[in-house]
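What follows is a short report on a single structure.
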Amino acid sequence: MKPAVFYEERDDGSVQCKLCPHNCVMKEGQVGICKTRKNVKGMLYSLNYGQLTSIAMDPIEKKPIFHFHCGEMIFSLGSWGCNFKCQYCQNWEISQAKPPVKLANPEQIVEMAIANGSGGIAYTYNEPMVWFEFMLDTSRLAAREGLYNVVVTNGYVSEEPLDLLLQSIHAMNIDLKGFNDDFYREIGGRREVVMKTIEKALKRHVHVEVTTLIIPTKNDRIEELEAEFEWIASLDKDIPLHLSRYHPAYKYDIPPTPVEELKKLYSIAKKYLNFVYLGNVWDPEYESTVCPDCGSMVIQRQGYKVTKVGMTEDGRCSKCGRQIAKMY
């Protein structure tokens with residue numbers, strides 16, 4: 001166990017977690033909604049510090065991150081726990097339960113990343129925000145060693161912890177689960193919190209990409225999604241948006257998202273945003289990157305096969321010079 005960073009002690013021996021907007025109050029021996037924080041004798045502890053459930057070298061496009069270190073492999077790791085209760089989670093074995101774990105410290109993680117030839121570390125698989133203390137310690141050490149840090153998150157975190165974490169984070173894929181407040185309540189959160197996370201990360205000059213999983217009958221109303229596209233564009237038209245195809249998982253048996261519906265949403269999103277992609281469709285037409293200024297093909301993608309056909313080493317369109325991707 002590791003002492004938590006963000007919490008308040010109470011006179012009655014309970015503690016209130018301040019990591020995310022749930023603000024869980026825990027009496028002695030109780031855990032919070034994410035199940036990763038526990039009150040032990042009037043102090044809050046992280047239960048998953050250094051506990052690994054998943055570790056791999058992944059294509060960075062798998063996160064998905066398409067405009068940051070394109071085509072590279074990245075050292076990726078995850079723990080267990082989540083502060084949402086998505087009934088369609090594909091990683092529910094580690095997000096909603098505690099599977100077997102292996103232990104590691106931040107120094108070992110950085111050493112493994114370097115030994116595997118990775119330029120960075122991705123915190124992913126489960127919800128990394130509930131692994132906050134370990135992610136904070138590891139990302140700080142990694143940054144000092146010249147590695148970049150990538151977070152794949154639902155974005156449900158309070159402002160003070162986010163401010164602290166962003167000091168050592170270089171890129172994020174933030175899961176905006178639609179523009180439907182009822183749907184957010186169903187999974188246990190509030191949309192405006194995630195929107196603020198996106199805004200704050202952008203203001204701190206962190207590279208941000210957004211993913212929305214399109215689930216039929218749940219968050220696929222065109223007028224709501226068009227409002228989402230318009231809002232993202234109001235922040236920056238160059239934010240890459242990934243519209244992903246849902247497949248039945250965990251407790252959801254809703255049929256998969258029709259591909260034609262995704263293609264229709266793609267066309268609508270392209271009216272607002274310069275870079276839109278379809279996930280879980282595996283069609284190069286909807287995975288590749290075209291320069292929005294001159295129309296030249298910049299990056300061809302076929303699954304995780306990435307070919308930079310028209311991009312310079314510093315991430316610009318080789319024909320017109322427009323900045324396309326960040327390549328530190």
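Chains: A, B, ... in order of the structure tokens. Residues: from 1 per chain. Ligands: from 1, in order shown.
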
Notebook entry, point to check: Could you pull the residues within 10 Å of Ser244 in chain A, counting only C-alpha atoms, minus those fewer than 5 positions along the same chain, as a PyMOL selection string?
Noted result: chain A and resi 211-215+257+259+262+277-281

Can I get the selected residues back with N, CA and C atoms, as a CSV table (one decimal), in the first residue's frame?
```
chain,number,residue,atom,x,y,z
A,211,THR,N,-11.5,10.0,-28.1
A,211,THR,CA,-12.2,8.8,-28.7
A,211,THR,C,-13.6,8.8,-28.2
A,212,THR,N,-14.5,8.5,-29.0
A,212,THR,CA,-15.9,8.2,-28.7
A,212,THR,C,-16.4,6.9,-29.2
A,213,LEU,N,-16.7,6.0,-28.4
A,213,LEU,CA,-17.2,4.7,-28.8
A,213,LEU,C,-18.7,4.8,-29.1
A,214,ILE,N,-19.1,4.5,-30.3
A,214,ILE,CA,-20.5,4.7,-30.7
A,214,ILE,C,-21.3,3.5,-30.4
A,215,ILE,N,-22.3,3.6,-29.5
A,215,ILE,CA,-23.1,2.5,-29.0
A,215,ILE,C,-24.5,2.7,-29.5
A,257,THR,N,-22.2,-1.7,-33.8
A,257,THR,CA,-22.5,-0.5,-34.5
A,257,THR,C,-22.5,-0.8,-36.0
A,259,VAL,N,-21.5,-0.3,-39.7
A,259,VAL,CA,-20.4,0.4,-40.3
A,259,VAL,C,-20.9,1.7,-41.0
A,262,LEU,N,-21.4,4.6,-38.8
A,262,LEU,CA,-20.1,5.2,-38.5
A,262,LEU,C,-19.6,6.1,-39.7
A,277,TYR,N,-11.1,9.7,-37.6
A,277,TYR,CA,-10.8,8.4,-37.9
A,277,TYR,C,-11.9,7.4,-37.4
A,278,LEU,N,-12.1,6.3,-38.0
A,278,LEU,CA,-13.0,5.3,-37.6
A,278,LEU,C,-12.2,4.1,-37.0
A,279,GLY,N,-12.5,3.8,-35.7
A,279,GLY,CA,-11.8,2.7,-35.1
A,279,GLY,C,-12.6,1.4,-35.1
A,280,ASN,N,-11.9,0.3,-35.1
A,280,ASN,CA,-12.5,-1.1,-35.1
A,280,ASN,C,-13.3,-1.3,-36.4
A,281,VAL,N,-12.9,-0.6,-37.5
A,281,VAL,CA,-13.5,-0.8,-38.8
A,281,VAL,C,-12.5,-1.4,-39.8
```

Checklist line | Backbone-only DSSP, strand (DSSP E) members of range 120-297 of chain A, as a ChimeraX atom specification | finding: /A:120-123,148-153,171-175,207-214,241-245,276-279,289-290,297

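In terms of minimum interatomic distance to Gln90 in chain A, A:Lys251 ranks closest within A:Arg322, A:His207, A:Lys264, A:Lys251, counting only C-alpha atoms.
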
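Reported to one decimal place, the separation of CA of Phe6 in chain A from CA of Val40 in chain A is 14.9 Å.
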
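Residues in contact with Ala269 in chain A at up to 10 Å, not including ones fewer than 5 positions away on its chain and judged by only C-alpha atoms, are Leu225, Glu226, Ala227, Glu228, Phe229, Glu230, Ile232, Ala233, Leu241, Leu243, Lys263, Lys264, Asn274, Phe275, Val276 and Tyr277 of chain A.
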
Can you build me a table of range 289-319 of chain A residues sitting at most 9 Å from range 66-72 of chain A, with the closest atom pair per residue and its distance in Å to one decimal, using only C-alpha atoms, sorted by chain and residue number, as JSON lines?
```
{"residue": "A:Thr289", "atom": "CA", "partner": "A:Phe66", "partner_atom": "CA", "distance": 8.6}
{"residue": "A:Ile299", "atom": "CA", "partner": "A:Cys70", "partner_atom": "CA", "distance": 8.6}
{"residue": "A:Tyr304", "atom": "CA", "partner": "A:Gly71", "partner_atom": "CA", "distance": 8.0}
{"residue": "A:Lys305", "atom": "CA", "partner": "A:Gly71", "partner_atom": "CA", "distance": 7.7}
{"residue": "A:Val306", "atom": "CA", "partner": "A:Gly71", "partner_atom": "CA", "distance": 5.4}
{"residue": "A:Thr307", "atom": "CA", "partner": "A:Gly71", "partner_atom": "CA", "distance": 7.4}
{"residue": "A:Lys308", "atom": "CA", "partner": "A:Gly71", "partner_atom": "CA", "distance": 8.1}
{"residue": "A:Gly315", "atom": "CA", "partner": "A:His67", "partner_atom": "CA", "distance": 8.4}
```

Check: Quick one: DSSP helix (DSSP H, G or I) residues in range 42-278 of chain A, as number ranges by chain?
Finding: A: 60-62, 92-95, 106-115, 128-144, 159-168, 181-187, 191-203, 222-235, 259-269

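The space separating CA of Ser288 in chain A from CA of Ala171 in chain A comes to 19.9 Å.
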
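Shortest separation to Ser54 in chain A among A:Arg316, A:Lys102, A:His205, A:His242 occurs at residue A:Lys102, atoms counted being only C-alpha atoms.
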
Checklist line | Closest of A:Leu265, A:Ile114, A:Ile239, A:Leu19 to Asp220 in chain A - atom-to-atom distances counting only C-alpha atoms | finding: A:Leu265

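If only C-alpha atoms are the atoms counted, then among A:Tyr123, A:Tyr45, A:Tyr156, A:Tyr88 the closest residue to Thr197 in chain A is A:Tyr156.
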
Next item on the list: Compile the contact shell of Gly32 in chain A as JSON, numbers by chain: residues with an atom at most 12 Å away, counting only C-alpha atoms, same-chain residues fewer than 2 positions apart removed.
Entry: {"A": [7, 14, 15, 16, 17, 18, 19, 20, 21, 22, 23, 24, 25, 26, 27, 28, 29, 30, 34, 35, 36, 37, 38, 39, 44, 45, 46, 47, 81, 82, 83, 84, 130]}

Checklist line | Exercise: Ile254 in chain A partners within 12 Å, only C-alpha atoms, chain neighbours under 2 positions left out, as an NGL selection string | finding: :A and (87-88 or 214-218 or 246-252 or 256-258)

Check: Can you list, as a PyMOL selection string, every protein, DNA or RNA residue that comes within 8 Å of Val101 in chain A when you count only C-alpha atoms, leaving out same-chain residues fewer than 5 positions away?
Finding: chain A and resi 51-53+79

Near Phe75 in chain A, counting only C-alpha atoms, which residues have an atom at most 8 Å away, once you skip same-chain residues fewer than 4 positions from it, shown as a CSV table (one decimal) with N, CA and C atoms, in the first residue's frame?
```csv
chain,number,residue,atom,x,y,z
A,55,ILE,N,1.4,-5.6,-19.4
A,55,ILE,CA,2.6,-5.0,-19.8
A,55,ILE,C,2.9,-5.5,-21.2
A,56,ALA,N,3.2,-4.5,-22.1
A,56,ALA,CA,3.5,-4.9,-23.5
A,56,ALA,C,4.2,-3.8,-24.3
A,57,MET,N,4.8,-4.1,-25.4
A,57,MET,CA,5.2,-3.1,-26.4
A,57,MET,C,4.1,-3.1,-27.4
A,58,ASP,N,3.4,-1.9,-27.5
A,58,ASP,CA,2.3,-1.8,-28.4
A,58,ASP,C,2.6,-0.7,-29.5
A,113,ALA,N,11.4,0.1,-20.1
A,113,ALA,CA,11.0,0.9,-21.3
A,113,ALA,C,12.3,1.2,-22.1
A,116,ASN,N,13.7,-1.9,-23.8
A,116,ASN,CA,12.9,-2.4,-24.9
A,116,ASN,C,12.9,-1.4,-26.1
A,118,SER,N,12.0,1.7,-26.2
A,118,SER,CA,10.8,2.6,-26.3
A,118,SER,C,11.2,4.0,-26.0
A,120,GLY,N,9.0,6.1,-25.0
A,120,GLY,CA,8.0,6.6,-24.0
A,120,GLY,C,7.3,5.5,-23.3
A,121,ILE,N,6.4,5.9,-22.4
A,121,ILE,CA,5.6,4.9,-21.6
A,121,ILE,C,4.2,5.3,-21.7
A,122,ALA,N,3.3,4.3,-21.9
A,122,ALA,CA,1.8,4.6,-22.0
A,122,ALA,C,1.2,3.9,-20.8
```

Note to self: Using only C-alpha atoms for the distances, tell me which of A:Cys86, A:Met311, A:Val290, A:Leu165 is nearest to Val150 in chain A.
What the structure shows: A:Leu165
